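*Asks:* Next up, start.txt (compact mmCIF, C-alpha atoms).
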# COMPACT_ATOMS: atom_id res chain seq x y z
CA MET R 1 50.79 146.11 -89.85
CA GLU R 2 47.64 144.41 -88.55
CA TYR R 3 49.88 142.29 -86.32
CA VAL R 4 51.44 145.35 -84.74
CA ILE R 5 48.04 146.93 -84.11
CA ALA R 6 46.67 143.68 -82.61
CA PHE R 7 49.69 143.50 -80.28
CA ILE R 8 49.47 147.11 -79.14
CA VAL R 9 45.68 147.29 -78.74
CA GLY R 10 45.49 143.92 -76.98
CA GLY R 11 48.34 144.99 -74.73
CA ILE R 12 46.66 148.27 -73.84
CA ILE R 13 43.41 146.48 -72.87
CA CYS R 14 45.42 144.17 -70.60
CA VAL R 15 47.15 147.19 -69.03
CA VAL R 16 43.71 148.68 -68.31
CA GLY R 17 42.83 145.39 -66.60
CA GLN R 18 46.09 145.48 -64.64
CA ILE R 19 45.43 149.04 -63.47
CA MET R 20 41.96 147.98 -62.33
CA LEU R 21 43.62 145.16 -60.35
CA ASP R 22 46.42 147.22 -58.79
CA VAL R 23 44.98 150.71 -58.42
CA GLY R 24 41.27 149.88 -58.23
CA LYS R 25 41.99 146.93 -55.89
CA LEU R 26 39.43 144.79 -57.72
CA THR R 27 39.53 141.00 -57.84
CA PRO R 28 40.15 139.34 -61.22
CA ALA R 29 36.47 138.32 -61.27
CA HIS R 30 35.35 141.93 -60.91
CA VAL R 31 37.75 143.01 -63.64
CA MET R 32 36.42 140.38 -66.03
CA VAL R 33 32.79 141.25 -65.24
CA THR R 34 33.48 144.97 -65.72
CA LEU R 35 35.16 144.35 -69.07
CA VAL R 36 32.32 142.14 -70.33
CA VAL R 37 29.71 144.74 -69.36
CA THR R 38 31.88 147.38 -71.05
CA GLY R 39 31.86 145.29 -74.23
CA VAL R 40 28.06 145.14 -74.22
CA VAL R 41 27.76 148.89 -73.69
CA LEU R 42 30.34 149.70 -76.39
CA ASP R 43 28.49 147.52 -78.88
CA PHE R 44 25.20 149.11 -77.86
CA LEU R 45 26.73 152.48 -78.68
CA GLY R 46 27.79 151.08 -82.04
CA VAL R 47 31.50 151.58 -81.45
CA TYR R 48 32.78 148.02 -81.22
CA ASP R 49 32.45 146.89 -84.84
CA GLY R 50 34.63 149.73 -86.04
CA PHE R 51 37.07 148.89 -83.25
CA ILE R 52 37.28 145.25 -84.45
CA LYS R 53 37.86 146.38 -88.03
CA PHE R 54 40.72 148.53 -86.78
CA ALA R 55 42.35 146.20 -84.25
CA GLY R 56 41.44 142.66 -85.45
CA ALA R 57 42.36 140.07 -82.86
CA GLY R 58 43.44 142.88 -80.53
CA ALA R 59 39.72 143.53 -80.12
CA THR R 60 38.32 139.99 -80.45
CA VAL R 61 40.68 138.06 -78.15
CA PRO R 62 40.24 140.08 -74.90
CA ILE R 63 37.19 139.20 -72.78
CA ILE R 64 35.51 142.50 -73.75
CA SER R 65 34.54 140.88 -77.03
CA PHE R 66 32.57 138.25 -75.11
CA GLY R 67 30.10 140.97 -74.12
CA HIS R 68 30.13 142.30 -77.65
CA SER R 69 29.39 138.86 -79.13
CA LEU R 70 26.53 138.19 -76.69
CA TYR R 71 24.89 141.49 -77.58
CA HIS R 72 25.65 141.10 -81.26
CA GLY R 73 23.89 137.73 -81.63
CA ALA R 74 20.92 139.07 -79.68
CA LEU R 75 20.75 142.10 -81.96
CA GLN R 76 20.93 140.06 -85.16
CA GLU R 77 18.00 137.89 -84.08
CA LEU R 78 16.16 140.99 -82.86
CA SER R 79 16.19 142.41 -86.36
CA ASN R 80 15.33 139.03 -87.92
CA THR R 81 12.57 137.73 -85.65
CA GLY R 82 11.50 140.52 -83.34
CA VAL R 83 11.63 140.89 -79.57
CA MET R 84 12.05 137.18 -78.77
CA GLY R 85 15.24 137.29 -80.82
CA VAL R 86 16.98 138.88 -77.84
CA THR R 87 16.65 135.55 -76.01
CA THR R 88 17.12 133.15 -78.93
CA GLY R 89 20.09 134.98 -80.42
CA MET R 90 21.99 135.63 -77.20
CA PHE R 91 24.42 132.71 -77.45
CA THR R 92 24.65 132.33 -81.22
CA VAL R 93 27.93 134.20 -81.71
CA PRO R 94 29.92 133.14 -78.60
CA ALA R 95 28.59 129.54 -78.85
CA ALA R 96 31.89 128.14 -80.13
CA GLY R 97 33.91 129.63 -77.30
CA ILE R 98 31.50 128.60 -74.54
CA THR R 99 31.09 125.05 -75.87
CA ALA R 100 34.83 124.61 -76.28
CA ALA R 101 35.57 125.97 -72.81
CA ILE R 102 33.03 123.65 -71.15
CA ALA R 103 34.01 120.52 -73.11
CA PHE R 104 37.79 121.03 -72.87
CA SER R 105 37.60 121.88 -69.17
CA PHE R 106 35.60 118.76 -68.37
CA LEU R 107 37.91 116.56 -70.45
CA ALA R 108 40.89 118.19 -68.74
CA SER R 109 39.46 117.28 -65.34
CA LEU R 110 39.39 113.63 -66.46
CA VAL R 111 43.04 113.69 -67.53
CA PHE R 112 44.86 116.07 -65.20
CA LYS R 113 45.29 115.87 -61.45
CA PRO R 114 45.16 119.00 -59.29
CA ARG R 115 48.53 120.45 -58.27
CA GLY R 116 49.27 121.65 -54.78
CA MET D 1 39.69 126.85 -27.63
CA ALA D 2 40.02 129.22 -30.46
CA THR D 3 36.70 130.88 -29.72
CA LYS D 4 37.54 131.55 -26.09
CA GLN D 5 38.92 135.00 -25.47
CA LYS D 6 41.89 135.39 -23.22
CA LYS D 7 41.10 137.40 -20.13
CA GLY D 8 42.89 140.62 -19.48
CA PHE D 9 43.85 141.05 -23.10
CA THR D 10 42.27 143.89 -25.01
CA PHE D 11 43.24 145.59 -28.21
CA LYS D 12 44.44 149.10 -27.52
CA VAL D 13 44.18 150.18 -31.17
CA ASN D 14 40.89 150.60 -32.89
CA LYS D 15 40.13 149.38 -36.38
CA GLU D 16 41.12 152.49 -38.30
CA GLU D 17 44.42 152.90 -36.50
CA TYR D 18 45.21 149.26 -37.13
CA GLN D 19 44.54 149.65 -40.82
CA LYS D 20 46.82 152.68 -40.94
CA GLN D 21 49.57 150.72 -39.24
CA ALA D 22 49.07 147.68 -41.44
CA GLN D 23 49.16 149.73 -44.60
CA LYS D 24 52.75 150.70 -43.87
CA TYR D 25 53.84 147.09 -44.08
CA GLU D 26 51.71 146.06 -47.04
CA PRO D 27 53.87 145.32 -50.08
CA LYS D 28 53.32 148.09 -52.57
CA PRO D 29 52.37 146.67 -55.97
CA LYS D 30 54.94 147.61 -58.55
CA LEU D 31 52.47 149.24 -60.87
CA LEU D 32 54.75 150.09 -63.76
CA GLN D 33 56.41 146.68 -63.86
CA ASN D 34 53.07 144.89 -63.64
CA CYS D 35 51.64 147.01 -66.43
CA LEU D 36 54.64 146.36 -68.69
CA ARG D 37 54.35 142.63 -68.10
CA ALA D 38 50.59 142.66 -68.70
CA PHE D 39 51.17 144.70 -71.85
CA TRP D 40 53.67 142.44 -73.56
CA VAL D 41 52.10 139.13 -72.53
CA GLY D 42 48.55 140.25 -73.31
CA GLY D 43 49.70 141.84 -76.53
CA SER D 44 51.50 138.65 -77.54
CA ILE D 45 48.36 136.57 -76.95
CA CYS D 46 46.41 138.95 -79.19
CA LEU D 47 49.22 138.87 -81.77
CA PHE D 48 49.06 135.06 -81.67
CA GLY D 49 45.29 135.33 -82.12
CA GLN D 50 45.80 137.57 -85.14
CA ILE D 51 48.20 135.05 -86.68
CA LEU D 52 45.71 132.22 -86.07
CA GLN D 53 42.90 134.28 -87.52
CA THR D 54 44.88 135.00 -90.69
CA ILE D 55 45.72 131.30 -91.05
CA TYR D 56 42.08 130.25 -90.59
CA MET D 57 40.94 132.91 -93.03
CA SER D 58 43.19 131.55 -95.76
CA ILE D 59 42.81 127.81 -95.03
CA LEU D 60 39.07 127.66 -94.35
CA ASN D 61 38.11 130.57 -96.61
CA LEU D 62 36.37 132.43 -93.81
CA SER D 63 35.62 136.09 -93.36
CA ALA D 64 37.44 137.87 -90.54
CA GLU D 65 34.25 137.81 -88.48
CA LYS D 66 33.73 134.05 -88.91
CA ALA D 67 37.40 133.26 -88.29
CA ALA D 68 37.13 134.69 -84.77
CA SER D 69 35.36 131.51 -83.57
CA PRO D 70 38.03 128.91 -84.46
CA THR D 71 40.64 131.38 -83.20
CA ALA D 72 38.91 131.59 -79.83
CA VAL D 73 38.53 127.79 -79.70
CA THR D 74 42.24 127.29 -80.39
CA ILE D 75 43.30 129.78 -77.72
CA ILE D 76 40.88 128.17 -75.25
CA PHE D 77 42.27 124.72 -76.05
CA ILE D 78 45.85 125.85 -75.46
CA ALA D 79 44.89 127.68 -72.25
CA VAL D 80 43.11 124.57 -70.87
CA LEU D 81 46.10 122.40 -71.76
CA LEU D 82 48.56 124.80 -70.09
CA THR D 83 46.29 124.94 -67.03
CA GLY D 84 46.34 121.15 -66.82
CA PHE D 85 50.13 121.05 -66.94
CA GLY D 86 50.32 123.77 -64.28
CA VAL D 87 52.11 126.19 -66.58
CA PHE D 88 49.29 128.71 -66.81
CA ASP D 89 49.42 129.53 -63.09
CA LYS D 90 53.08 130.48 -63.37
CA MET D 91 52.39 132.57 -66.45
CA GLY D 92 49.52 134.23 -64.59
CA GLN D 93 51.73 135.08 -61.63
CA TYR D 94 54.16 136.79 -63.96
CA ALA D 95 51.71 138.51 -66.30
CA GLY D 96 48.73 139.32 -64.05
CA ALA D 97 45.99 140.77 -66.22
CA GLY D 98 48.06 139.91 -69.30
CA THR D 99 46.78 136.32 -69.22
CA ALA D 100 43.52 136.99 -67.32
CA VAL D 101 41.96 139.59 -69.64
CA PRO D 102 42.25 137.69 -72.95
CA ILE D 103 39.84 134.79 -73.55
CA SER D 104 42.57 132.52 -72.13
CA GLY D 105 41.74 133.78 -68.64
CA PHE D 106 38.12 132.73 -69.05
CA ALA D 107 39.21 129.24 -70.14
CA ASN D 108 41.74 129.03 -67.30
CA SER D 109 39.15 129.93 -64.66
CA MET D 110 36.91 127.11 -65.86
CA ALA D 111 39.62 124.51 -66.33
CA SER D 112 41.34 125.16 -63.00
CA ALA D 113 38.01 125.06 -61.13
CA ALA D 114 37.13 121.81 -62.90
CA ILE D 115 40.48 120.13 -62.20
CA GLU D 116 40.60 121.23 -58.56
CA SER D 117 37.09 119.92 -57.91
CA ARG D 118 37.88 116.40 -59.07
CA SER D 119 37.94 115.06 -55.52
CA GLU D 120 34.30 116.13 -54.96
CA GLY D 121 33.13 113.96 -57.83
CA TYR D 122 32.29 114.70 -61.42
CA VAL D 123 28.66 115.73 -60.97
CA LEU D 124 28.75 117.70 -57.71
CA GLY D 125 32.38 118.78 -58.01
CA VAL D 126 33.66 119.27 -61.52
CA ALA D 127 30.42 120.10 -63.29
CA SER D 128 28.96 122.41 -60.68
CA ASN D 129 32.16 124.24 -59.71
CA MET D 130 33.31 124.81 -63.28
CA PHE D 131 31.34 128.04 -63.53
CA LYS D 132 32.42 129.46 -60.18
CA LEU D 133 34.21 132.41 -61.79
CA ALA D 134 33.08 132.07 -65.39
CA GLY D 135 29.47 132.05 -64.18
CA SER D 136 29.64 135.63 -62.95
CA VAL D 137 31.06 136.72 -66.31
CA ILE D 138 28.24 134.95 -68.18
CA VAL D 139 25.50 136.18 -65.83
CA PHE D 140 26.56 139.82 -66.03
CA GLY D 141 27.24 139.63 -69.76
CA VAL D 142 23.90 138.00 -70.57
CA THR D 143 21.86 140.25 -68.27
CA THR D 144 23.34 143.49 -69.61
CA ALA D 145 23.10 142.24 -73.21
CA PHE D 146 19.45 141.30 -72.54
CA ILE D 147 18.57 144.69 -71.10
CA PHE D 148 20.42 146.64 -73.79
CA GLY D 149 18.98 144.35 -76.49
CA LEU D 150 15.45 145.14 -75.32
CA LEU D 151 16.36 148.80 -75.11
CA ARG D 152 17.60 148.69 -78.68
CA GLY D 153 14.34 146.98 -79.70
CA VAL D 154 12.34 149.78 -78.10
CA LEU D 155 14.55 152.44 -79.69
CA ASN D 156 14.08 150.78 -83.10
CA LEU D 157 10.33 151.39 -82.82
CA PHE D 158 10.85 155.12 -82.74
CA TYR D 159 13.75 155.60 -85.15
How does this structure look as structure tokens?

*Replies:*
Amino acid sequence: MEYVIAFIVGGIICVVGQIMLDVGKLTPAHVMVTLVVTGVVLDFLGVYDGFIKFAGAGATVPIISFGHSLYHGALQELSNTGVMGVTTGMFTVPAAGITAAIAFSFLASLVFKPRG
Amino acid sequence: MATKQKKGFTFKVNKEEYQKQAQKYEPKPKLLQNCLRAFWVGGSICLFGQILQTIYMSILNLSAEKAASPTAVTIIFIAVLLTGFGVFDKMGQYAGAGTAVPISGFANSMASAAIESRSEGYVLGVASNMFKLAGSVIVFGVTTAFIFGLLRGVLNLFY
């Protein structure tokens, strides 16, 4: 059942992105930025954790969860160490994704040639 | 030559009229078809993520929250690889937001910028252009998370 929910919820988020592209006439960059900011705001409102429990990867795989994970790490450190935690905790949760994306992309540029 | 204007040639239509005329010939995006494609491709990527997450949870004995990291890394790895082979672009043309909205789109934006900038060198090209699109995502994400984090800190003082 969790697979079905992940498929449907993930699909719906992508449809929202597609509508922003086609109807809102936004560029993909604007869509991604909007979704990330949305993720931060949703987590600020305390909604996103329940959403992840419900939808699993349907909520963690779309880019919205990048905003959620930034805010989430900042919040954890905020409660542990005080105000400076907002800066020290910012990248703790999405660290794996960011590191992997940078390293793999650079290695890919060594191996692959650009295509016309 | 290109900057020189031809004499005796003036546009008879103003900007707004031109836009009205041009709009008639613009291809109308097939909204329903695009949405269906985005839905099933994006949904499948999330379904794949859910399968990976379940596997990592059982193999590495992780909680669902912790398993999200290796899942994201795996999806990023596959997306970078597909970008390198030129497959991701074709998938993106078909699926639109279906491949751009999941974390794969983030990885693709970085990998394609990195690969295309090879000719400008590794320091000034690859490394500096890598964040051309991903940078805006990170900047906006971090700034809003910073502001809302501080706001939460202030709110915590009173509640």

*Asks:* For the interface of chain D with chain R (cut-off 7 Å, counting all atoms listed in the file), please tabulate each contacting residue of chain D alongside its nearest pair of atoms and their separation in Å to one decimal, rows sorted by chain and increasing number, as JSON lines.

*Replies:*
{"residue": "D:Pro29", "atom": "CA", "partner": "R:Asp22", "partner_atom": "CA", "distance": 6.6}
{"residue": "D:Leu31", "atom": "CA", "partner": "R:Asp22", "partner_atom": "CA", "distance": 6.7}
{"residue": "D:Cys35", "atom": "CA", "partner": "R:Val15", "partner_atom": "CA", "distance": 5.2}
{"residue": "D:Ala38", "atom": "CA", "partner": "R:Val15", "partner_atom": "CA", "distance": 5.7}
{"residue": "D:Phe39", "atom": "CA", "partner": "R:Gly11", "partner_atom": "CA", "distance": 4.0}
{"residue": "D:Trp40", "atom": "CA", "partner": "R:Gly11", "partner_atom": "CA", "distance": 6.0}
{"residue": "D:Gly42", "atom": "CA", "partner": "R:Gly11", "partner_atom": "CA", "distance": 5.0}
{"residue": "D:Gly43", "atom": "CA", "partner": "R:Gly11", "partner_atom": "CA", "distance": 3.9}
{"residue": "D:Ser44", "atom": "CA", "partner": "R:Phe7", "partner_atom": "CA", "distance": 5.9}
{"residue": "D:Cys46", "atom": "CA", "partner": "R:Gly58", "partner_atom": "CA", "distance": 5.1}
{"residue": "D:Leu47", "atom": "CA", "partner": "R:Phe7", "partner_atom": "CA", "distance": 4.9}
{"residue": "D:Gly49", "atom": "CA", "partner": "R:Ala57", "partner_atom": "CA", "distance": 5.6}
{"residue": "D:Gln50", "atom": "CA", "partner": "R:Ala57", "partner_atom": "CA", "distance": 4.8}
{"residue": "D:Ala68", "atom": "CA", "partner": "R:Thr60", "partner_atom": "CA", "distance": 6.9}
{"residue": "D:Ser69", "atom": "CA", "partner": "R:Ala96", "partner_atom": "CA", "distance": 5.9}
{"residue": "D:Ala72", "atom": "CA", "partner": "R:Gly97", "partner_atom": "CA", "distance": 5.9}
{"residue": "D:Val73", "atom": "CA", "partner": "R:Gly97", "partner_atom": "CA", "distance": 5.5}
{"residue": "D:Ile76", "atom": "CA", "partner": "R:Ala101", "partner_atom": "CA", "distance": 6.2}
{"residue": "D:Phe77", "atom": "CA", "partner": "R:Phe104", "partner_atom": "CA", "distance": 6.6}
{"residue": "D:Val80", "atom": "CA", "partner": "R:Ser105", "partner_atom": "CA", "distance": 6.4}
{"residue": "D:Gly84", "atom": "CA", "partner": "R:Phe112", "partner_atom": "CA", "distance": 5.5}
{"residue": "D:Gly96", "atom": "CA", "partner": "R:Gln18", "partner_atom": "CA", "distance": 6.7}
{"residue": "D:Ala97", "atom": "CA", "partner": "R:Gln18", "partner_atom": "CA", "distance": 5.0}
{"residue": "D:Gly98", "atom": "CA", "partner": "R:Cys14", "partner_atom": "CA", "distance": 5.2}
{"residue": "D:Val101", "atom": "CA", "partner": "R:Pro62", "partner_atom": "CA", "distance": 5.6}
{"residue": "D:Pro102", "atom": "CA", "partner": "R:Pro62", "partner_atom": "CA", "distance": 3.7}
{"residue": "D:Ile103", "atom": "CA", "partner": "R:Ile63", "partner_atom": "CA", "distance": 5.2}
{"residue": "D:Ala107", "atom": "CA", "partner": "R:Ala101", "partner_atom": "CA", "distance": 5.6}
{"residue": "D:Met110", "atom": "CA", "partner": "R:Ser105", "partner_atom": "CA", "distance": 6.2}
{"residue": "D:Ala111", "atom": "CA", "partner": "R:Ser105", "partner_atom": "CA", "distance": 4.4}
{"residue": "D:Ala114", "atom": "CA", "partner": "R:Ser109", "partner_atom": "CA", "distance": 5.6}
{"residue": "D:Ile115", "atom": "CA", "partner": "R:Ser109", "partner_atom": "CA", "distance": 4.4}
{"residue": "D:Glu116", "atom": "CA", "partner": "R:Pro114", "partner_atom": "CA", "distance": 5.1}
{"residue": "D:Arg118", "atom": "CA", "partner": "R:Ser109", "partner_atom": "CA", "distance": 6.5}
{"residue": "D:Leu133", "atom": "CA", "partner": "R:Ala29", "partner_atom": "CA", "distance": 6.3}
{"residue": "D:Ser136", "atom": "CA", "partner": "R:Val33", "partner_atom": "CA", "distance": 6.8}
{"residue": "D:Val137", "atom": "CA", "partner": "R:Val33", "partner_atom": "CA", "distance": 5.0}
{"residue": "D:Phe140", "atom": "CA", "partner": "R:Val33", "partner_atom": "CA", "distance": 6.4}
{"residue": "D:Gly141", "atom": "CA", "partner": "R:Gly67", "partner_atom": "CA", "distance": 5.4}
{"residue": "D:Val142", "atom": "CA", "partner": "R:Leu70", "partner_atom": "CA", "distance": 6.7}
{"residue": "D:Thr144", "atom": "CA", "partner": "R:Val37", "partner_atom": "CA", "distance": 6.5}
{"residue": "D:Ala145", "atom": "CA", "partner": "R:Tyr71", "partner_atom": "CA", "distance": 4.8}
{"residue": "D:Phe146", "atom": "CA", "partner": "R:Val86", "partner_atom": "CA", "distance": 6.3}
{"residue": "D:Phe148", "atom": "CA", "partner": "R:Phe44", "partner_atom": "CA", "distance": 6.7}
{"residue": "D:Gly149", "atom": "CA", "partner": "R:Val86", "partner_atom": "CA", "distance": 6.0}
{"residue": "D:Leu150", "atom": "CA", "partner": "R:Val86", "partner_atom": "CA", "distance": 6.9}
{"residue": "D:Gly153", "atom": "CA", "partner": "R:Val83", "partner_atom": "CA", "distance": 6.7}

*Asks:* If you measure from CA of Ala64 in chain D to CA of Thr88 in chain R, what distance in Å do you get, rounded to one decimal?

*Replies:*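 Result for CA of Ala64 in chain D versus CA of Thr88 in chain R: 23.9 Å, one decimal.
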
*Asks:* At what distance in Å, to one decimal, does CA of Leu42 in chain R lie from CA of Tyr159 in chain D?

*Replies:*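 Interatomic distance, CA of Tyr159 in chain D to CA of Leu42 in chain R: 19.7 Å.
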
*Asks:* Work out how far apart CA of Ile138 in chain D and CA of Thr54 in chain D are and give it in Å to one decimal.

*Replies:* 28.0 Å

*Asks:* Report the centre and edge lengths, in Å to one decimal, of an axis-aligned box enclosing every atom of range 127-138 of chain D listed in the file, padded by 4 Å on each side, as lines of an AutoDock Vina configuration file.

*Replies:*
center_x = 31.2
center_y = 128.4
center_z = -63.9
size_x = 14.0
size_y = 24.6
size_z = 16.5

*Asks:* Complete range 29-47 of chain R at the level of N, CA and C atoms, written as a PDB file, in the frame of the given file.

*Replies:*
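The new file part_35.pdb reads:
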ATOM      1  N   ALA R  29      37.854 138.546 -60.858  1.00  0.00           N
ATOM      2  CA  ALA R  29      36.470 138.320 -61.270  1.00  0.00           C
ATOM      3  C   ALA R  29      35.763 139.634 -61.559  1.00  0.00           C
ATOM      4  N   HIS R  30      35.984 140.628 -60.682  1.00  0.00           N
ATOM      5  CA  HIS R  30      35.350 141.930 -60.910  1.00  0.00           C
ATOM      6  C   HIS R  30      35.868 142.589 -62.176  1.00  0.00           C
ATOM      7  N   VAL R  31      37.181 142.422 -62.431  1.00  0.00           N
ATOM      8  CA  VAL R  31      37.750 143.010 -63.640  1.00  0.00           C
ATOM      9  C   VAL R  31      37.110 142.396 -64.876  1.00  0.00           C
ATOM     10  N   MET R  32      36.996 141.048 -64.873  1.00  0.00           N
ATOM     11  CA  MET R  32      36.420 140.380 -66.030  1.00  0.00           C
ATOM     12  C   MET R  32      34.966 140.796 -66.234  1.00  0.00           C
ATOM     13  N   VAL R  33      34.199 140.849 -65.136  1.00  0.00           N
ATOM     14  CA  VAL R  33      32.790 141.250 -65.240  1.00  0.00           C
ATOM     15  C   VAL R  33      32.677 142.674 -65.790  1.00  0.00           C
ATOM     16  N   THR R  34      33.523 143.583 -65.252  1.00  0.00           N
ATOM     17  CA  THR R  34      33.480 144.970 -65.720  1.00  0.00           C
ATOM     18  C   THR R  34      33.771 145.060 -67.211  1.00  0.00           C
ATOM     19  N   LEU R  35      34.791 144.296 -67.661  1.00  0.00           N
ATOM     20  CA  LEU R  35      35.160 144.350 -69.070  1.00  0.00           C
ATOM     21  C   LEU R  35      34.045 143.809 -69.961  1.00  0.00           C
ATOM     22  N   VAL R  36      33.401 142.719 -69.523  1.00  0.00           N
ATOM     23  CA  VAL R  36      32.320 142.140 -70.330  1.00  0.00           C
ATOM     24  C   VAL R  36      31.162 143.128 -70.454  1.00  0.00           C
ATOM     25  N   VAL R  37      30.796 143.749 -69.324  1.00  0.00           N
ATOM     26  CA  VAL R  37      29.710 144.740 -69.360  1.00  0.00           C
ATOM     27  C   VAL R  37      30.108 145.909 -70.267  1.00  0.00           C
ATOM     28  N   THR R  38      31.389 146.319 -70.177  1.00  0.00           N
ATOM     29  CA  THR R  38      31.880 147.380 -71.050  1.00  0.00           C
ATOM     30  C   THR R  38      31.695 147.013 -72.522  1.00  0.00           C
ATOM     31  N   GLY R  39      32.002 145.740 -72.846  1.00  0.00           N
ATOM     32  CA  GLY R  39      31.860 145.290 -74.230  1.00  0.00           C
ATOM     33  C   GLY R  39      30.423 145.400 -74.716  1.00  0.00           C
ATOM     34  N   VAL R  40      29.471 145.029 -73.847  1.00  0.00           N
ATOM     35  CA  VAL R  40      28.060 145.140 -74.220  1.00  0.00           C
ATOM     36  C   VAL R  40      27.697 146.599 -74.486  1.00  0.00           C
ATOM     37  N   VAL R  41      28.126 147.469 -73.562  1.00  0.00           N
ATOM     38  CA  VAL R  41      27.760 148.890 -73.690  1.00  0.00           C
ATOM     39  C   VAL R  41      28.390 149.493 -74.948  1.00  0.00           C
ATOM     40  N   LEU R  42      29.661 149.156 -75.203  1.00  0.00           N
ATOM     41  CA  LEU R  42      30.340 149.700 -76.390  1.00  0.00           C
ATOM     42  C   LEU R  42      29.637 149.252 -77.664  1.00  0.00           C
ATOM     43  N   ASP R  43      29.180 147.989 -77.681  1.00  0.00           N
ATOM     44  CA  ASP R  43      28.490 147.520 -78.880  1.00  0.00           C
ATOM     45  C   ASP R  43      27.121 148.158 -79.003  1.00  0.00           C
ATOM     46  N   PHE R  44      26.483 148.413 -77.850  1.00  0.00           N
ATOM     47  CA  PHE R  44      25.200 149.110 -77.860  1.00  0.00           C
ATOM     48  C   PHE R  44      25.357 150.503 -78.463  1.00  0.00           C
ATOM     49  N   LEU R  45      26.469 151.143 -78.147  1.00  0.00           N
ATOM     50  CA  LEU R  45      26.730 152.480 -78.680  1.00  0.00           C
ATOM     51  C   LEU R  45      27.191 152.440 -80.135  1.00  0.00           C
ATOM     52  N   GLY R  46      27.422 151.203 -80.634  1.00  0.00           N
ATOM     53  CA  GLY R  46      27.790 151.080 -82.040  1.00  0.00           C
ATOM     54  C   GLY R  46      29.257 151.322 -82.331  1.00  0.00           C
ATOM     55  N   VAL R  47      30.089 151.260 -81.278  1.00  0.00           N
ATOM     56  CA  VAL R  47      31.500 151.580 -81.450  1.00  0.00           C
ATOM     57  C   VAL R  47      32.326 150.340 -81.776  1.00  0.00           C
TER      58      VAL R  47
END
